[in-house]
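Coordinates from model_24.txt are shown below (compact mmCIF, C-alpha atoms).
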```
# COMPACT_ATOMS: atom_id res chain seq x y z
CA MET A 1 9.64 23.88 -24.34
CA GLN A 2 7.66 25.11 -21.33
CA ILE A 3 4.80 23.06 -19.93
CA ASN A 4 2.23 24.16 -17.41
CA TRP A 5 2.49 20.97 -15.38
CA GLU A 6 -0.21 21.89 -12.89
CA GLN A 7 -2.85 22.15 -15.62
CA LEU A 8 -2.41 18.41 -16.24
CA GLU A 9 -4.16 17.45 -12.99
CA GLY A 10 -7.50 16.94 -14.74
CA VAL A 11 -6.01 15.02 -17.67
CA LYS A 12 -6.65 11.28 -17.70
CA PRO A 13 -3.56 9.60 -19.20
CA LYS A 14 -4.08 7.05 -21.93
CA SER A 15 -2.48 4.16 -20.09
CA LEU A 16 -4.49 1.06 -20.87
CA SER A 17 -3.87 -2.66 -20.70
CA ILE A 18 -5.38 -5.25 -23.04
CA LYS A 19 -7.41 -8.05 -21.51
CA GLU A 20 -8.84 -10.89 -23.56
CA GLN A 21 -12.31 -11.98 -22.55
CA SER A 22 -14.30 -15.10 -23.35
CA GLY A 23 -15.25 -15.47 -26.99
CA GLY A 24 -12.04 -13.83 -28.17
CA ARG A 25 -13.27 -10.33 -27.37
CA ILE A 26 -10.69 -7.70 -26.43
CA LYS A 27 -11.28 -5.16 -23.69
CA LEU A 28 -9.13 -2.18 -22.72
CA GLU A 29 -8.84 -1.66 -19.00
CA PRO A 30 -7.22 1.17 -17.01
CA THR A 31 -4.11 -0.09 -15.23
CA ARG A 32 -4.46 2.33 -12.31
CA THR A 33 -7.30 3.40 -10.07
CA ASP A 34 -8.34 7.04 -9.77
CA GLU A 35 -6.92 7.12 -6.24
CA THR A 36 -3.54 5.94 -7.49
CA GLU A 37 -3.63 8.55 -10.25
CA GLN A 38 -4.32 11.25 -7.68
CA ALA A 39 -1.59 9.98 -5.35
CA TYR A 40 0.90 10.18 -8.22
CA PHE A 41 -0.11 13.74 -9.08
CA ASP A 42 -0.10 14.89 -5.45
CA PHE A 43 3.49 13.66 -5.18
CA VAL A 44 4.76 15.36 -8.35
CA LYS A 45 2.92 18.58 -7.53
CA SER A 46 4.89 19.02 -4.32
CA THR A 47 8.13 17.65 -5.77
CA LEU A 48 8.05 19.95 -8.80
CA LYS A 49 8.27 22.95 -6.47
CA ASN A 50 11.47 21.54 -4.97
CA ILE A 51 12.89 20.85 -8.43
CA GLY A 52 12.08 24.42 -9.42
CA LYS A 53 13.79 25.85 -6.34
CA TYR A 54 16.84 23.70 -6.97
CA ASN A 55 17.07 25.07 -10.51
CA GLY A 56 16.48 28.67 -9.41
CA LEU A 57 13.06 28.91 -11.07
CA GLU A 58 10.21 31.03 -9.78
CA THR A 59 7.46 28.79 -11.17
CA THR A 60 7.14 25.13 -12.09
CA GLU A 61 6.38 26.08 -15.71
CA GLY A 62 10.09 26.60 -16.29
CA ILE A 63 10.86 22.97 -15.46
CA THR A 64 11.77 20.91 -18.51
CA CYS A 65 11.51 17.19 -19.20
CA GLU A 66 15.30 17.04 -18.91
CA ASP A 67 15.10 18.59 -15.41
CA ILE A 68 12.64 15.89 -14.38
CA LYS A 69 14.75 13.09 -15.81
CA ARG A 70 17.85 14.46 -14.07
CA TRP A 71 16.01 14.62 -10.74
CA VAL A 72 14.58 11.08 -10.96
CA GLU A 73 18.03 9.77 -11.86
CA SER A 74 19.86 11.68 -9.12
CA VAL A 75 17.63 10.74 -6.16
CA ARG A 76 18.40 7.06 -6.58
CA VAL A 77 21.33 7.61 -4.20
CA THR A 78 19.15 9.12 -1.44
CA TYR A 79 15.82 7.32 -1.91
CA ARG A 80 15.11 3.82 -0.73
CA ALA A 81 14.19 1.41 -3.50
CA ASN A 82 10.40 1.39 -2.95
CA SER A 83 10.22 5.16 -2.50
CA TRP A 84 12.23 5.73 -5.66
CA ARG A 85 10.04 3.39 -7.71
CA PHE A 86 6.99 5.33 -6.56
CA ALA A 87 8.68 8.61 -7.52
CA ARG A 88 9.58 7.23 -10.95
CA ALA A 89 6.03 5.92 -11.49
CA SER A 90 4.62 9.32 -10.45
CA PHE A 91 6.68 11.25 -13.00
CA CYS A 92 6.00 8.66 -15.70
CA ASN A 93 2.32 9.24 -15.00
CA LEU A 94 2.86 13.00 -15.30
CA LEU A 95 4.53 12.61 -18.69
CA GLN A 96 1.74 10.29 -19.83
CA ARG A 97 -0.72 13.03 -18.91
CA ALA A 98 1.35 15.48 -20.95
CA LEU A 99 1.33 13.12 -23.93
CA THR A 100 -2.43 12.81 -23.72
CA PHE A 101 -2.83 16.58 -23.43
CA TYR A 102 -0.62 17.41 -26.44
CA THR A 103 -2.03 14.58 -28.54
CA GLN A 104 -5.54 15.93 -28.03
CA ALA A 105 -4.30 19.45 -28.82
CA LEU A 106 -2.72 18.20 -32.05
CA GLU A 107 -5.91 16.42 -33.10
CA ASN A 108 -7.92 19.63 -32.65
CA ASN A 109 -5.32 21.93 -34.24
CA THR A 110 -5.66 23.41 -37.74
CA ASP A 111 -2.63 25.71 -37.76
CA LEU A 112 0.34 24.08 -39.53
CA ILE A 113 3.04 25.99 -37.64
CA GLN A 114 1.40 25.26 -34.29
CA ALA A 115 0.98 21.61 -35.28
CA GLU A 116 4.72 21.32 -35.91
CA LYS A 117 5.47 22.73 -32.45
CA LEU A 118 3.07 20.27 -30.88
CA ARG A 119 4.79 17.36 -32.66
CA ASP A 120 8.14 18.56 -31.40
CA ASN A 121 6.77 18.73 -27.86
CA LEU A 122 5.39 15.22 -28.17
CA ALA A 123 8.75 13.90 -29.37
CA VAL A 124 10.56 15.47 -26.39
CA ILE A 125 8.03 14.10 -23.91
CA GLU A 126 8.10 10.60 -25.44
CA GLU A 127 11.89 10.51 -25.28
CA ALA A 128 11.94 11.64 -21.64
CA LEU A 129 9.25 9.10 -20.72
CA PHE A 130 11.21 6.27 -22.35
CA GLU A 131 14.44 7.27 -20.59
CA ILE A 132 12.80 7.54 -17.17
CA LYS A 133 10.99 4.21 -17.59
CA THR A 134 14.26 2.45 -18.37
CA LEU A 135 16.09 3.87 -15.34
CA LYS A 136 16.94 1.25 -12.72
CA TRP A 137 17.45 1.88 -9.01
CA SER A 138 20.10 -0.85 -8.89
CA ALA A 139 22.15 0.86 -11.63
CA ALA A 140 23.13 3.83 -9.44
CA LEU A 141 26.77 3.61 -8.38
CA SER A 142 25.87 3.68 -4.69
CA ASN A 143 23.41 0.81 -5.13
CA VAL A 144 25.32 -1.55 -7.43
CA GLY A 145 25.68 -5.01 -5.90
CA LYS A 146 23.56 -4.16 -2.86
CA SER A 147 20.10 -5.31 -1.88
CA ALA A 148 17.39 -2.80 -1.06
CA ALA A 149 17.71 -3.73 2.62
CA GLN A 150 21.49 -3.22 2.68
CA ARG A 151 21.18 0.17 1.04
CA SER A 152 18.33 1.15 3.35
CA ASN A 153 20.52 0.48 6.39
CA GLU A 154 23.18 2.81 4.98
CA LEU A 155 20.76 5.72 4.55
CA SER A 156 19.71 8.04 7.35
CA ALA A 157 16.47 7.20 9.07
CA LYS A 158 13.31 8.68 7.58
CA SER A 159 9.75 8.78 8.83
CA SER A 160 8.66 5.85 6.65
CA SER A 161 11.49 3.65 7.89
CA ALA A 162 10.59 4.51 11.47
CA LYS A 163 7.23 2.77 11.11
CA VAL A 164 7.25 -0.54 12.92
CA LYS A 165 6.99 -3.57 10.63
CA PHE A 166 5.87 -5.90 13.43
CA VAL A 167 3.87 -5.61 16.62
CA ASP A 168 5.51 -5.83 20.03
CA ALA A 169 3.14 -7.71 22.34
CA GLU A 170 3.90 -5.62 25.43
CA LEU A 171 3.41 -2.30 23.61
CA LEU A 172 0.19 -3.57 22.06
CA TYR A 173 -1.10 -4.73 25.43
CA ARG A 174 -0.56 -1.30 26.96
CA ILE A 175 -2.13 0.51 24.01
CA ASP A 176 -5.02 -1.96 23.96
CA GLN A 177 -5.79 -1.44 27.65
CA TYR A 178 -5.37 2.33 27.45
CA ILE A 179 -7.76 2.71 24.50
CA LYS A 180 -10.35 0.35 26.00
CA LEU A 181 -10.39 2.37 29.24
CA THR A 182 -10.07 5.98 28.05
CA GLY A 183 -9.83 5.98 24.25
CA SER A 184 -11.80 8.22 21.92
CA GLU A 185 -14.32 6.88 19.40
CA TRP A 186 -11.74 6.85 16.59
CA GLN A 187 -9.11 5.26 18.81
CA ARG A 188 -11.55 2.43 19.51
CA ARG A 189 -12.25 2.13 15.79
CA ALA A 190 -8.49 2.03 15.16
CA LEU A 191 -8.09 -0.75 17.72
CA LYS A 192 -10.77 -2.82 15.98
CA LEU A 193 -9.04 -2.27 12.64
CA CYS A 194 -5.70 -3.36 14.10
CA TRP A 195 -6.93 -6.58 15.71
CA ALA A 196 -8.93 -7.61 12.64
CA THR A 197 -5.89 -6.93 10.45
CA MET A 198 -3.67 -8.94 12.81
CA TYR A 199 -5.88 -11.98 12.24
CA THR A 200 -6.53 -11.65 8.50
CA GLY A 201 -3.65 -9.68 6.95
CA LEU A 202 -5.89 -7.34 4.96
CA ARG A 203 -4.50 -4.06 3.77
CA PRO A 204 -6.37 -1.38 5.74
CA CYS A 205 -8.03 -0.11 2.53
CA GLU A 206 -9.29 -3.62 1.67
CA TRP A 207 -11.74 -3.58 4.57
CA GLU A 208 -14.00 -1.23 2.62
CA HIS A 209 -15.40 -4.01 0.41
CA ALA A 210 -14.68 -7.03 2.63
CA ARG A 211 -17.69 -9.19 3.46
CA ILE A 212 -18.31 -12.36 5.44
CA GLU A 213 -20.19 -15.54 4.61
CA GLU A 214 -21.50 -17.67 7.47
CA ASP A 215 -20.22 -21.22 7.97
CA GLY A 216 -21.40 -22.32 11.39
CA LYS A 217 -18.96 -21.04 14.00
CA LYS A 218 -16.53 -20.20 11.22
CA ILE A 219 -16.73 -17.42 8.64
CA ASN A 220 -15.38 -17.03 5.15
CA LEU A 221 -13.95 -13.56 4.61
CA ILE A 222 -14.25 -12.45 0.98
CA VAL A 223 -11.65 -9.80 0.16
CA VAL A 224 -11.41 -7.65 -2.96
CA ASN A 225 -7.69 -7.51 -3.75
CA ALA A 226 -6.47 -3.92 -3.68
CA LYS A 227 -3.66 -4.30 -6.22
CA ASN A 228 -5.42 -6.32 -8.87
CA THR A 229 -5.57 -3.30 -11.21
CA ASN A 230 -1.80 -3.34 -11.70
CA GLY A 231 -1.41 -7.11 -11.85
CA LYS A 232 0.31 -7.47 -8.48
CA ALA A 233 -2.62 -9.36 -6.95
CA GLY A 234 -3.04 -11.99 -9.66
CA SER A 235 -6.81 -12.19 -9.12
CA ASP A 236 -9.71 -9.94 -8.27
CA LYS A 237 -10.37 -11.42 -4.85
CA ARG A 238 -9.22 -13.89 -2.21
CA GLU A 239 -11.11 -15.92 0.36
CA LEU A 240 -9.95 -16.62 3.91
CA LEU A 241 -11.42 -19.08 6.39
CA VAL A 242 -11.49 -17.59 9.90
CA SER A 243 -12.19 -20.26 12.53
CA ASP A 244 -10.71 -18.98 15.80
CA ALA A 245 -13.49 -17.58 17.99
CA ILE A 246 -11.53 -14.46 18.99
CA ALA A 247 -10.62 -13.75 15.37
CA VAL A 248 -14.21 -14.24 14.22
CA GLN A 249 -15.34 -11.73 16.84
CA ALA A 250 -12.64 -9.23 15.77
CA VAL A 251 -13.65 -9.47 12.11
CA ARG A 252 -17.35 -9.04 12.92
CA GLN A 253 -16.63 -5.98 15.06
CA GLN A 254 -14.53 -4.43 12.29
CA ILE A 255 -17.19 -5.01 9.62
CA GLU A 256 -19.84 -3.56 11.96
CA SER A 257 -17.65 -0.50 12.62
CA ILE A 258 -17.35 0.17 8.89
CA VAL A 259 -21.10 -0.26 8.31
CA GLN A 260 -21.81 2.26 11.08
CA TRP A 261 -19.29 4.73 9.69
CA LYS A 262 -20.69 4.47 6.15
CA ALA A 263 -24.20 5.15 7.45
CA TYR A 264 -22.91 8.22 9.28
CA ALA A 265 -20.94 9.43 6.25
CA ARG A 266 -24.04 9.25 4.04
CA THR A 267 -26.04 11.52 6.34
CA SER A 268 -23.33 13.99 7.30
CA LYS A 269 -21.03 16.44 5.57
CA ALA A 270 -17.99 14.38 6.55
CA GLY A 271 -15.95 12.87 3.75
CA SER A 272 -16.98 9.43 2.53
CA ASN A 273 -13.70 8.34 0.91
CA PHE A 274 -12.81 5.22 2.90
CA ARG A 275 -9.06 5.34 2.39
CA LYS A 276 -8.63 9.07 2.85
CA VAL A 277 -11.06 9.45 5.75
CA TYR A 278 -11.62 6.19 7.64
CA VAL A 279 -8.13 4.69 7.29
CA THR A 280 -6.39 8.04 7.82
CA LEU A 281 -8.41 8.87 10.93
CA CYS A 282 -7.70 5.42 12.38
CA ALA A 283 -3.97 5.82 11.73
CA ASN A 284 -3.95 9.29 13.30
CA ALA A 285 -5.96 8.09 16.30
CA LEU A 286 -3.54 5.20 16.88
CA ARG A 287 -0.56 7.54 16.72
CA ILE A 288 -2.19 9.99 19.15
CA ALA A 289 -2.90 7.13 21.58
CA GLN A 290 0.80 6.24 21.57
CA VAL A 291 1.79 9.86 22.21
CA GLN A 292 -0.76 10.18 25.01
CA TYR A 293 0.36 6.99 26.75
CA PHE A 294 4.09 6.76 26.02
CA GLY A 295 4.85 10.44 25.47
CA GLU A 296 5.93 9.66 21.90
CA SER A 297 4.85 7.66 18.89
CA LYS A 298 6.25 4.13 18.86
CA GLY A 299 5.77 3.95 15.08
CA ILE A 300 2.93 1.42 15.22
CA THR A 301 0.43 1.90 12.39
CA PRO A 302 -2.53 -0.20 11.20
CA TYR A 303 -0.29 -1.55 8.45
CA SER A 304 2.14 -2.88 11.08
CA PHE A 305 -0.47 -5.53 11.88
CA ARG A 306 -0.47 -6.78 8.29
CA HIS A 307 3.29 -7.30 8.58
CA GLN A 308 2.81 -9.14 11.88
CA PHE A 309 0.19 -11.37 10.25
CA ALA A 310 2.70 -12.36 7.55
CA ALA A 311 5.43 -12.97 10.11
CA ASN A 312 3.09 -15.18 12.14
CA LEU A 313 2.29 -17.34 9.11
CA LYS A 314 5.97 -17.75 8.25
CA SER A 315 6.87 -18.58 11.84
CA ALA A 316 4.12 -21.21 11.95
CA GLY A 317 5.61 -22.95 8.93
CA PHE A 318 3.14 -21.90 6.25
CA SER A 319 4.54 -22.23 2.73
CA LYS A 320 5.44 -19.14 0.74
CA VAL A 321 2.59 -19.94 -1.66
CA ASP A 322 0.05 -19.96 1.19
CA VAL A 323 1.47 -16.75 2.67
CA ALA A 324 1.40 -15.01 -0.71
CA LYS A 325 -2.22 -16.00 -1.33
CA SER A 326 -3.23 -14.99 2.19
CA MET A 327 -1.63 -11.58 1.66
CA GLY A 328 -3.21 -11.11 -1.76
CA HIS A 329 0.09 -11.23 -3.67
CA ALA A 330 0.30 -12.60 -7.20
CA SER A 331 3.71 -14.14 -6.63
CA VAL A 332 5.90 -15.37 -3.78
CA ALA A 333 8.58 -13.08 -5.26
CA THR A 334 6.79 -10.16 -3.57
CA LEU A 335 7.60 -11.68 -0.18
CA ASN A 336 11.28 -11.90 -1.09
CA GLN A 337 11.30 -8.29 -2.31
CA ASN A 338 10.16 -7.02 1.10
CA PRO A 339 12.97 -7.75 3.55
CA ARG A 340 11.17 -5.85 6.30
CA VAL A 341 8.70 -8.72 6.61
CA MET A 342 11.19 -11.53 6.05
CA GLY A 343 13.75 -9.96 8.36
CA HIS A 344 11.44 -9.69 11.35
CA ASN A 345 10.31 -13.27 10.86
CA THR A 346 13.62 -14.40 12.41
CA LYS A 347 12.95 -12.26 15.51
CA ILE A 348 9.61 -13.77 16.43
CA ALA A 349 11.08 -16.27 18.90
CA ALA A 350 13.02 -13.50 20.67
CA ARG A 351 9.92 -11.27 20.82
CA ARG A 352 7.88 -14.14 22.21
CA GLU A 353 10.45 -14.71 24.99
CA ALA A 354 10.60 -10.99 25.77
CA ALA A 355 6.83 -10.84 25.92
CA LYS A 356 6.79 -13.45 28.69
CA THR A 357 8.35 -10.94 31.08
CA ALA A 358 5.69 -8.35 30.37
CA VAL A 359 2.90 -7.84 32.90
CA MET A 360 0.07 -9.13 30.76
CA PRO A 361 -2.20 -12.19 30.57
CA GLU A 362 -0.46 -15.19 29.06
CA ASP A 363 -3.14 -15.61 26.40
CA PHE A 364 -2.45 -12.07 25.15
CA VAL A 365 0.90 -13.20 23.74
CA LYS A 366 -0.84 -16.07 21.99
CA LYS A 367 -3.32 -13.63 20.47
CA THR A 368 -0.52 -11.64 18.83
CA MET A 369 1.63 -14.56 17.70
CA THR A 370 -0.80 -17.22 16.47
CA PRO A 371 -2.06 -17.43 12.86
CA VAL A 372 -5.80 -18.14 12.87
CA ILE A 373 -6.78 -18.25 9.20
CA THR A 374 -6.58 -20.71 6.34
CA VAL A 375 -6.36 -19.83 2.67
CA VAL A 376 -9.54 -21.08 0.99
CA SER A 377 -9.25 -19.77 -2.54
CA ASP A 378 -8.48 -16.96 -4.91
CA ALA A 379 -10.22 -16.18 -8.20
CA THR A 380 -8.28 -18.78 -10.18
CA THR A 381 -7.33 -21.65 -7.89
CA ARG A 382 -8.69 -23.57 -4.94
CA PRO A 383 -5.74 -25.33 -3.28
CA ALA A 384 -6.33 -28.70 -1.70
CA GLN A 385 -6.90 -28.39 2.04
CA THR A 386 -5.64 -31.15 4.31
CA GLU A 387 -6.88 -31.60 7.87
CA ALA A 388 -3.42 -30.63 9.12
CA SER A 389 -3.34 -27.39 7.13
CA ILE A 390 -6.81 -26.40 8.28
CA ASN A 391 -5.86 -26.90 11.93
CA ARG A 392 -2.61 -24.94 11.69
```
Write-out of the structure in structure tokens:
Amino acid sequence: MQINWEQLEGVKPKSLSIKEQSGGRIKLEPTRTDETEQAYFDFVKSTLKNIGKYNGLETTEGITCEDIKRWVESVRVTYRANSWRFARASFCNLLQRALTFYTQALENNTDLIQAEKLRDNLAVIEEALFEIKTLKWSAALSNVGKSAAQRSNELSAKSSSAKVKFVDAELLYRIDQYIKLTGSEWQRRALKLCWATMYTGLRPCEWEHARIEEDGKKINLIVVNAKNTNGKAGSDKRELLVSDAIAVQAVRQQIESIVQWKAYARTSKAGSNFRKVYVTLCANALRIAQVQYFGESKGITPYSFRHQFAANLKSAGFSKVDVAKSMGHASVATLNQNPRVMGHNTKIAARREAAKTAVMPEDFVKKTMTPVITVVSDATTRPAQTEASINR
């Protein structure tokens, strides 16, 4: 069976979850956003070419479901756990698109012979989808009995693993001063994004719909959880109380920067997709600033500041429940699954001592190491707030 995989780009897979509403009504909801769907397809589109080359094929149409299953299974030994899960999800999405495509073709078909071929194709695709879904990263011989972190250390370094999962105070100070003095417009925007993320822990993409509510000298930051569509957020939004004056200023400046950019995007031919344009340009600008100043990228990205935010909370003694809610996670298990955050938590004291020798104002270290928010609520719970927890 040959499938023109590239023609499936415009097919919306029938992957729906059931959600019960008030009054006993049932509603079907998509489990993935359009951006996630596109990210999955972009990945398989480039990967299919490599699979084709490996199998000596001139086009991707010659790739079979068995070829895909074999590839997903084999790369468990070379892919880190998170990367492999994304690859598996991407090809599952591709097969779901194929199922939708052939199901629609069968419904519109009147030729009996052709209908039988379509049923055979559907059976092959369904079997491959089931087998790929049931594959486990931990079942590969090289991974048995090892954590994702242990296996990651055994693999050769890749670009994703080179990204810093925390923020070194001395490096940040130098980048901060360099951008403030000579930085471009997008480098200054990137700096605002980084500082605001340091104080609130938002995913860079979550700033698009973030808004503030006034509360005297404090502000409540209302955040639309980015991963609520796949159940990893546990609620549609979270609310953070920002009371530190410097943090309040950073959040205001970030919100203002986004408002200005959106106004510009509406009146220009520039792209208006926040994640693909605003976040990407900020990340690129931050990388360029590092190359300009240090002669090389130090691996610091806007997302590094979200990791630092989590490490700061853990170092300050916040409970795993509070950290999870602050980060927008549905479960504390997510924190345990990401050793890159947990691992660097143990290094905070050493980084703080090292930062003391850096030529920078003493309060700069405090700015990078001190948690300045309190969890107020999510969509389902409002935890009791003690005076001690509010002042932490």
Review point. For Ile68 in chain A, which residue out of A:Asn82, A:Val223, A:Leu112, A:Ile132 is the nearest one, using all atoms listed in the file?
Key: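 For Ile68 in chain A, the nearest of the candidates is A:Ile132.
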Revision key, fill the gap. Residue with the minimum atom-to-atom distance to Ile255 in chain A, picked from A:His307, A:Lys227, A:Arg211, A:Lys276 with only C-alpha atoms counted, is A:Arg211
Practice item. Quick one: residues within 12 Å of (-9.9, 7.6, -0.3) (file frame), counting only C-alpha atoms, please, as a PyMOL selection string. Key: chain A and resi 33-39+204-206+208+271-281
Can you check which parts of range 79-171 of chain A lie within 12 Å of range 46-65 of chain A? Per residue, the shortest pair of atoms and distance in Å to one decimal, counting all atoms listed in the file, sorted by chain and number, as a Markdown table.
```
| residue | atom | partner | partner_atom | distance |
| --- | --- | --- | --- | --- |
| A:Ala87 | CA | A:Thr47 | CA | 9.2 |
| A:Arg88 | CA | A:Thr47 | CA | 11.7 |
| A:Ser90 | CA | A:Thr47 | CA | 10.2 |
| A:Phe91 | CA | A:Leu48 | CA | 9.8 |
| A:Cys92 | CA | A:Cys65 | CA | 10.7 |
| A:Leu94 | CA | A:Cys65 | CA | 10.4 |
| A:Leu95 | CA | A:Cys65 | CA | 8.4 |
| A:Gln96 | CA | A:Cys65 | CA | 12.0 |
| A:Ala98 | CA | A:Cys65 | CA | 10.5 |
| A:Leu99 | CA | A:Cys65 | CA | 11.9 |
| A:Asn121 | CA | A:Cys65 | CA | 10.0 |
| A:Leu122 | CA | A:Cys65 | CA | 11.0 |
| A:Ala123 | CA | A:Cys65 | CA | 11.0 |
| A:Val124 | CA | A:Cys65 | CA | 7.5 |
| A:Ile125 | CA | A:Cys65 | CA | 6.6 |
| A:Glu126 | CA | A:Cys65 | CA | 9.7 |
| A:Glu127 | CA | A:Cys65 | CA | 9.0 |
| A:Ala128 | CA | A:Cys65 | CA | 6.1 |
| A:Leu129 | CA | A:Cys65 | CA | 8.5 |
| A:Phe130 | CA | A:Cys65 | CA | 11.4 |
| A:Glu131 | CA | A:Cys65 | CA | 10.4 |
| A:Ile132 | CA | A:Cys65 | CA | 9.9 |
```
Practice item. Would you list the contacts of range 244-254 of chain A as a PyMOL selection string, taking every protein, DNA or RNA residue within 10 Å and counting all atoms listed in the file, but skipping same-chain residues closer than 3 positions in sequence? Key: chain A and resi 189-200+207+210-212+217-221+241+257-260+367+371-373
Check your understanding: Smallest atom-to-atom distance to Ser147 in chain A: which of A:Lys133, A:Arg80, A:His209, A:Arg70, using all atoms listed in the file?
Key ->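 Closest to Ser147 in chain A, using all atoms listed in the file: A:Arg80.
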Check your understanding: Expressed in Å to a single decimal, how great is the separation between CA of Arg238 in chain A and CA of Asp215 in chain A?
Key -> 16.7 Å
Point to revise | Given only C-alpha atoms as the counted atoms, nearest of A:Ile300, A:Ala283, A:Met327, A:Ala310 to Asn225 in chain A | key: A:Met327
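Here CA of Gly317 in chain A is placed at a distance of 27.9 Å from CA of Asp176 in chain A.
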Study note, to complete from the structure: Residue with the minimum atom-to-atom distance to Lys69 in chain A, picked from A:Thr134, A:Ser142, A:Asn4, A:Thr100 with all atoms listed in the file counted, is A:Thr134
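Candidate residues A:Tyr102, A:Ile179, A:Arg76, A:Val321 were compared for distance to Ala148 in chain A, and the nearest is A:Arg76, using only C-alpha atoms.
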